[in-house]
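K.L.:
Enclosed is the structure file upload33.cif (mmCIF, C-alpha atoms).
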```cif
data_input
#
loop_
_atom_site.label_atom_id
_atom_site.label_comp_id
_atom_site.auth_asym_id
_atom_site.auth_seq_id
_atom_site.Cartn_x
_atom_site.Cartn_y
_atom_site.Cartn_z
CA MET A 1 3.42 29.54 9.59
CA LYS A 2 1.29 29.07 12.73
CA ALA A 3 -1.86 29.82 10.76
CA LYS A 4 -0.93 27.21 8.13
CA LEU A 5 -0.31 24.61 10.85
CA LEU A 6 -3.59 25.46 12.55
CA ILE A 7 -5.49 25.12 9.27
CA PHE A 8 -3.81 21.78 8.56
CA LYS A 9 -4.74 20.46 12.03
CA LEU A 10 -8.33 21.61 11.57
CA VAL A 11 -8.59 19.96 8.15
CA PHE A 12 -7.02 16.80 9.57
CA LEU A 13 -9.50 16.65 12.47
CA LEU A 14 -12.44 17.31 10.15
CA SER A 15 -11.28 14.53 7.84
CA LEU A 16 -11.26 12.12 10.77
CA SER A 17 -14.84 12.95 11.64
CA ALA A 18 -16.15 12.70 8.08
CA GLU A 19 -17.71 9.43 6.99
CA ALA A 20 -15.22 7.44 4.91
CA LYS A 21 -16.44 6.01 1.60
CA VAL A 22 -15.84 2.62 0.06
CA LEU A 23 -14.20 3.14 -3.33
CA ASP A 24 -14.26 0.90 -6.40
CA ILE A 25 -11.21 -1.35 -6.77
CA ILE A 26 -10.04 -1.67 -10.36
CA LYS A 27 -9.10 -5.08 -11.74
CA ILE A 28 -6.18 -6.55 -13.66
CA GLY A 29 -6.21 -5.31 -17.24
CA ASP A 30 -6.80 -1.67 -16.29
CA PRO A 31 -3.83 0.39 -17.57
CA VAL A 32 -3.58 2.37 -14.31
CA LEU A 33 -2.33 -0.80 -12.60
CA ARG A 34 0.64 -0.86 -15.00
CA ALA A 35 1.59 2.82 -14.74
CA GLN A 36 4.40 4.32 -12.68
CA ALA A 37 2.58 6.27 -9.93
CA GLN A 38 3.47 9.93 -9.33
CA GLU A 39 4.88 11.37 -6.10
CA LEU A 40 2.77 13.76 -4.05
CA SER A 41 3.97 17.24 -3.11
CA MET A 42 3.72 18.45 0.49
CA ALA A 43 0.83 20.74 -0.51
CA GLU A 44 -1.01 17.74 -1.99
CA ILE A 45 -0.35 15.62 1.11
CA GLU A 46 -1.79 18.36 3.33
CA SER A 47 -4.84 18.88 1.11
CA PRO A 48 -8.30 17.82 2.27
CA GLU A 49 -8.57 15.65 -0.86
CA ILE A 50 -5.59 13.45 0.09
CA GLN A 51 -6.58 13.37 3.76
CA THR A 52 -10.04 12.15 2.76
CA LEU A 53 -8.53 9.71 0.28
CA ALA A 54 -6.43 8.16 3.09
CA ASP A 55 -9.61 7.55 5.11
CA ASP A 56 -11.50 6.24 2.07
CA MET A 57 -8.65 3.89 1.15
CA THR A 58 -8.55 2.54 4.70
CA GLN A 59 -12.31 1.98 4.68
CA THR A 60 -12.12 0.35 1.23
CA MET A 61 -9.30 -1.98 2.32
CA LYS A 62 -11.21 -3.06 5.42
CA SER A 63 -14.52 -3.49 3.58
CA ALA A 64 -12.83 -5.69 0.96
CA GLY A 65 -11.21 -7.85 3.65
CA GLY A 66 -7.73 -6.66 2.66
CA ILE A 67 -4.60 -5.92 4.64
CA GLY A 68 -3.13 -3.49 2.11
CA LEU A 69 -4.36 -1.22 -0.67
CA ALA A 70 -2.39 0.99 -3.05
CA ALA A 71 -3.81 4.13 -4.67
CA PRO A 72 -3.46 2.69 -8.20
CA GLN A 73 -5.91 -0.03 -7.15
CA ILE A 74 -8.58 2.62 -6.71
CA ASN A 75 -7.69 4.28 -10.03
CA ARG A 76 -5.38 6.96 -8.60
CA SER A 77 -1.87 6.91 -10.02
CA ILE A 78 -0.18 8.40 -6.95
CA ARG A 79 2.53 7.00 -4.64
CA MET A 80 0.38 6.20 -1.63
CA PHE A 81 -0.78 3.04 0.09
CA VAL A 82 -2.41 1.91 3.31
CA MET A 83 -1.73 -1.27 5.24
CA GLY A 84 -2.81 -2.85 8.48
CA MET A 85 -3.39 -6.26 9.99
CA LYS A 86 -4.29 -6.46 13.66
CA PRO A 87 -2.46 -7.13 15.89
CA ARG A 88 0.86 -7.57 14.02
CA VAL A 89 0.78 -4.68 11.55
CA PRO A 90 -0.58 -1.32 12.75
CA LEU A 91 -2.77 0.70 10.40
CA THR A 92 -0.35 2.86 8.41
CA VAL A 93 -0.71 5.46 5.65
CA VAL A 94 2.41 5.45 3.46
CA ILE A 95 3.15 8.29 1.02
CA ASN A 96 6.08 8.57 -1.43
CA PRO A 97 7.78 5.41 -0.11
CA LYS A 98 11.26 4.18 -0.83
CA ILE A 99 12.32 0.60 -0.08
CA GLU A 100 15.80 -0.74 0.49
CA TYR A 101 15.80 -4.53 0.25
CA LEU A 102 17.98 -6.02 2.98
CA GLU A 103 19.35 -8.89 0.91
CA GLN A 104 21.61 -10.18 3.68
CA TYR A 105 18.52 -11.57 5.48
CA GLY A 106 17.42 -13.58 2.44
CA GLN A 107 14.07 -14.16 0.84
CA THR A 108 11.00 -16.19 1.67
CA GLN A 109 8.08 -17.56 -0.30
CA SER A 110 4.86 -15.67 0.27
CA GLN A 111 1.40 -16.81 -0.73
CA GLU A 112 -0.50 -13.66 -1.66
CA GLY A 113 -3.84 -12.60 -2.98
CA CYS A 114 -4.54 -9.26 -4.61
CA LEU A 115 -7.69 -7.17 -4.40
CA SER A 116 -7.22 -6.32 -8.10
CA ILE A 117 -6.98 -10.01 -9.08
CA PRO A 118 -10.04 -11.48 -7.35
CA GLY A 119 -10.18 -15.17 -6.59
CA LYS A 120 -6.53 -15.87 -7.37
CA THR A 121 -3.48 -16.44 -5.18
CA ALA A 122 0.15 -16.70 -6.14
CA ILE A 123 3.35 -17.76 -4.43
CA VAL A 124 6.06 -15.15 -4.90
CA LYS A 125 9.48 -14.46 -3.40
CA ARG A 126 9.78 -11.52 -1.01
CA TYR A 127 12.65 -10.18 1.05
CA LYS A 128 12.42 -11.15 4.71
CA ARG A 129 13.50 -7.69 5.85
CA ILE A 130 13.32 -4.26 4.25
CA HIS A 131 14.05 -0.68 5.18
CA LEU A 132 11.02 1.51 4.43
CA SER A 133 11.14 5.30 4.38
CA TYR A 134 8.07 7.42 3.63
CA LEU A 135 5.94 10.39 4.59
CA ASP A 136 2.96 9.78 6.86
CA ARG A 137 -0.39 11.47 6.33
CA LYS A 138 0.84 14.52 8.27
CA GLY A 139 3.86 14.85 5.95
CA GLN A 140 6.27 13.67 8.66
CA TYR A 141 9.27 11.62 7.52
CA VAL A 142 9.29 8.03 8.83
CA SER A 143 12.12 5.52 8.45
CA LYS A 144 12.00 1.99 9.82
CA GLU A 145 13.00 -1.59 9.28
CA LEU A 146 10.19 -4.07 8.65
CA SER A 147 10.15 -7.84 8.83
CA GLY A 148 7.55 -10.59 8.66
CA MET A 149 4.08 -9.76 7.39
CA ALA A 150 4.66 -5.98 7.53
CA ALA A 151 7.60 -6.34 5.11
CA ILE A 152 5.56 -8.55 2.77
CA ILE A 153 2.59 -6.17 2.68
CA ALA A 154 4.83 -3.14 2.10
CA GLN A 155 6.62 -4.89 -0.80
CA HIS A 156 3.31 -5.93 -2.40
CA GLU A 157 1.88 -2.40 -2.20
CA TYR A 158 5.16 -0.80 -3.30
CA ASP A 159 5.07 -3.02 -6.39
CA HIS A 160 1.62 -1.58 -7.23
CA LEU A 161 3.14 1.92 -7.21
CA ASN A 162 5.62 0.73 -9.84
CA GLY A 163 3.08 -1.01 -12.08
CA VAL A 164 4.05 -4.51 -10.92
CA LEU A 165 1.45 -7.19 -10.08
CA ILE A 166 1.97 -10.53 -8.33
CA VAL A 167 1.45 -12.34 -11.63
CA ASP A 168 4.68 -10.68 -12.83
CA LEU A 169 6.64 -12.22 -9.94
CA VAL A 170 5.44 -15.81 -10.22
CA GLU A 171 8.24 -18.14 -11.30
CA THR A 172 6.11 -21.14 -12.32
CA MET A 173 2.56 -20.13 -13.07
CA LYS A 174 0.93 -23.55 -13.24
CA SER A 175 2.00 -24.71 -9.82
CA THR A 176 1.74 -21.43 -7.96
CA ILE A 177 -1.53 -19.81 -8.97
CA ASN A 178 -4.70 -21.06 -7.32
CA PHE A 179 -7.37 -21.02 -10.00
CA GLY A 180 -10.12 -21.85 -7.53
CA SER A 181 -13.00 -19.47 -7.10
CA TYR A 182 -11.75 -17.83 -3.89
CA ALA A 183 -8.39 -16.44 -2.82
CA THR A 184 -6.97 -18.29 0.15
CA ALA A 185 -4.13 -15.87 0.89
CA PRO A 186 -4.08 -12.41 2.49
CA LEU A 187 -5.53 -9.81 0.14
CA MET A 188 -3.46 -6.73 -0.61
#
```
Render the structure in this file as structure tokens.
P.N.:
Amino acid sequence: MKAKLLIFKLVFLLSLSAEAKVLDIIKIGDPVLRAQAQELSMAEIESPEIQTLADDMTQTMKSAGGIGLAAPQINRSIRMFVMGMKPRVPLTVVINPKIEYLEQYGQTQSQEGCLSIPGKTAIVKRYKRIHLSYLDRKGQYVSKELSGMAAIIAQHEYDHLNGVLIVDLVETMKSTINFGSYATAPLM
């Protein structure tokens, strides 16, 4: 057991020192964006491949000017996303998440862009507060309540893991999608 933990720590430290890559973001119309993503096993989470993928996804999100990125957006149908928006939302790697929508706090309208739908924004309804449980990149269980922008980002990325895009959540398409050439909302 100690040897396994030592190997995992070594792999983790090596993954931090490796140069992260910018990955291609797939666009609306790709069938991976509509698929139900698969959970990761603990062995997969601890693997160098997934540790590197977490770094690459973070680098890709930042390079694209995003505040969230789900694995299906980089053509990987697994239940993993990254999010972060300084200073309000710390950089977080989320694996195998579960969301409980805290309906008693109500919903809010959120103007959102999506890295897989370039140049478009949509106004969608999101819950103001959620309870998010997940495994972090070390495989540790995390459970917390989110509100504000953190809750919105988590819901957007969670939708990607379930094959849902913001265009599916728009109530009135004509008045809520910006068909201008650039997205004016946070990109996720």
K.L.:
What's the 10 Å shell around segment 71-76 of chain A, counting only C-alpha atoms, without same-chain residues fewer than 4 positions away, as a PyMOL selection string?
P.N.:
chain A and resi 22-28+30-38+53-54+56-57+60+80-82+95+114-116+157+160-163+188
K.L.:
Mind giving me the straight-line distance from atom CA of Ile117 of chain A to atom CA of Glu39 of chain A in Å, one decimal?
P.N.:
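That distance, rounded to one decimal, is 24.6 Å.
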K.L.:
Starting from the PyMOL selection byres ((chain A and resi 93) around 10), expand the selection into actual residues of this file and give them as a tab-separated table (two decimals) with C-alpha atoms, keeping the file's coordinate frame.
P.N.:
```tsv
chain	number	residue	atom	x	y	z
A	54	ALA	CA	-6.43	8.16	3.09
A	55	ASP	CA	-9.61	7.55	5.11
A	57	MET	CA	-8.65	3.89	1.15
A	58	THR	CA	-8.55	2.54	4.70
A	68	GLY	CA	-3.13	-3.49	2.11
A	69	LEU	CA	-4.36	-1.22	-0.67
A	70	ALA	CA	-2.39	0.99	-3.05
A	80	MET	CA	0.38	6.20	-1.63
A	81	PHE	CA	-0.78	3.04	0.09
A	82	VAL	CA	-2.41	1.91	3.31
A	83	MET	CA	-1.73	-1.27	5.24
A	84	GLY	CA	-2.81	-2.85	8.48
A	90	PRO	CA	-0.58	-1.32	12.75
A	91	LEU	CA	-2.77	0.70	10.40
A	92	THR	CA	-0.35	2.86	8.41
A	94	VAL	CA	2.41	5.45	3.46
A	95	ILE	CA	3.15	8.29	1.02
A	134	TYR	CA	8.07	7.42	3.63
A	135	LEU	CA	5.94	10.39	4.59
A	136	ASP	CA	2.96	9.78	6.86
A	137	ARG	CA	-0.39	11.47	6.33
A	138	LYS	CA	0.84	14.52	8.27
```
K.L.:
Using only C-alpha atoms, which of A:Gly148, A:Gly29, A:Pro186, A:Pro87 sits nearest Tyr105 of chain A?
P.N.:
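Closest candidate: A:Gly148.
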K.L.:
Report, in Å with one decimal, the straight-line distance from atom CA of Gly65 of chain A to atom CA of Pro118 of chain A.
P.N.:
11.6 Å
K.L.:
Please identify all polymer residues within 10 Å of Gln155 of chain A, counting only C-alpha atoms, omitting same-chain residues fewer than 2 positions from it, and present them as a ChimeraX atom specification.
P.N.:
/A:99,101,126-127,129-130,132,149-153,157-161
K.L.:
Those same residues - C-alpha atoms - I'd like them written as a PDB file, in the frame of the given file.
P.N.:
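Listed below is the output, part-v3.pdb:
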```
ATOM      1  CA  ILE A  99      12.320   0.600  -0.080  1.00  0.00           C
ATOM      2  CA  TYR A 101      15.800  -4.530   0.250  1.00  0.00           C
ATOM      3  CA  ARG A 126       9.780 -11.520  -1.010  1.00  0.00           C
ATOM      4  CA  TYR A 127      12.650 -10.180   1.050  1.00  0.00           C
ATOM      5  CA  ARG A 129      13.500  -7.690   5.850  1.00  0.00           C
ATOM      6  CA  ILE A 130      13.320  -4.260   4.250  1.00  0.00           C
ATOM      7  CA  LEU A 132      11.020   1.510   4.430  1.00  0.00           C
ATOM      8  CA  MET A 149       4.080  -9.760   7.390  1.00  0.00           C
ATOM      9  CA  ALA A 150       4.660  -5.980   7.530  1.00  0.00           C
ATOM     10  CA  ALA A 151       7.600  -6.340   5.110  1.00  0.00           C
ATOM     11  CA  ILE A 152       5.560  -8.550   2.770  1.00  0.00           C
ATOM     12  CA  ILE A 153       2.590  -6.170   2.680  1.00  0.00           C
ATOM     13  CA  GLU A 157       1.880  -2.400  -2.200  1.00  0.00           C
ATOM     14  CA  TYR A 158       5.160  -0.800  -3.300  1.00  0.00           C
ATOM     15  CA  ASP A 159       5.070  -3.020  -6.390  1.00  0.00           C
ATOM     16  CA  HIS A 160       1.620  -1.580  -7.230  1.00  0.00           C
ATOM     17  CA  LEU A 161       3.140   1.920  -7.210  1.00  0.00           C
TER      18      LEU A 161
END
```
K.L.:
Under the rule that all atoms listed in the file are counted, which of A:Glu112, A:Asp168, A:Met61, A:Leu40 is the nearest residue to Ser77 of chain A?
P.N.:
A:Leu40
K.L.:
Find the residue from A:Ile67, A:Leu169, A:Leu146, A:Ile78 that sits nearest to Asn96 of chain A; use all atoms listed in the file when measuring.
P.N.:
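Between A:Ile67, A:Leu169, A:Leu146, A:Ile78, the residue approaching Asn96 of chain A most closely is A:Ile78.
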K.L.:
Once the PyMOL selection byres ((chain A and resi 123) around 8) has been applied to the shown file, what residues remain in the selection, as a ChimeraX atom specification?
P.N.:
/A:109-112,121-122,124-125,170,176-177
K.L.:
Since we have the selection now, will you write its residues out, keeping C-alpha atoms, as a compact mmCIF listing (two decimals), in the frame of the given file?
P.N.:
```
# COMPACT_ATOMS: atom_id res chain seq x y z
CA GLN A 109 8.08 -17.56 -0.30
CA SER A 110 4.86 -15.67 0.27
CA GLN A 111 1.40 -16.81 -0.73
CA GLU A 112 -0.50 -13.66 -1.66
CA THR A 121 -3.48 -16.44 -5.18
CA ALA A 122 0.15 -16.70 -6.14
CA VAL A 124 6.06 -15.15 -4.90
CA LYS A 125 9.48 -14.46 -3.40
CA VAL A 170 5.44 -15.81 -10.22
CA THR A 176 1.74 -21.43 -7.96
CA ILE A 177 -1.53 -19.81 -8.97
```
K.L.:
Between atom CA of His156 of chain A and atom CA of Glu19 of chain A, what distance in Å does the model show, to one decimal?
P.N.:
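Rounded to one decimal, the two atoms are 27.7 Å apart.
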K.L.:
For Gly66 of chain A, which of A:Gln104, A:Met42, A:Lys86, A:Glu145 is the closest residue, counting only C-alpha atoms?
P.N.:
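Distance minimum relative to Gly66 of chain A lands on A:Lys86.
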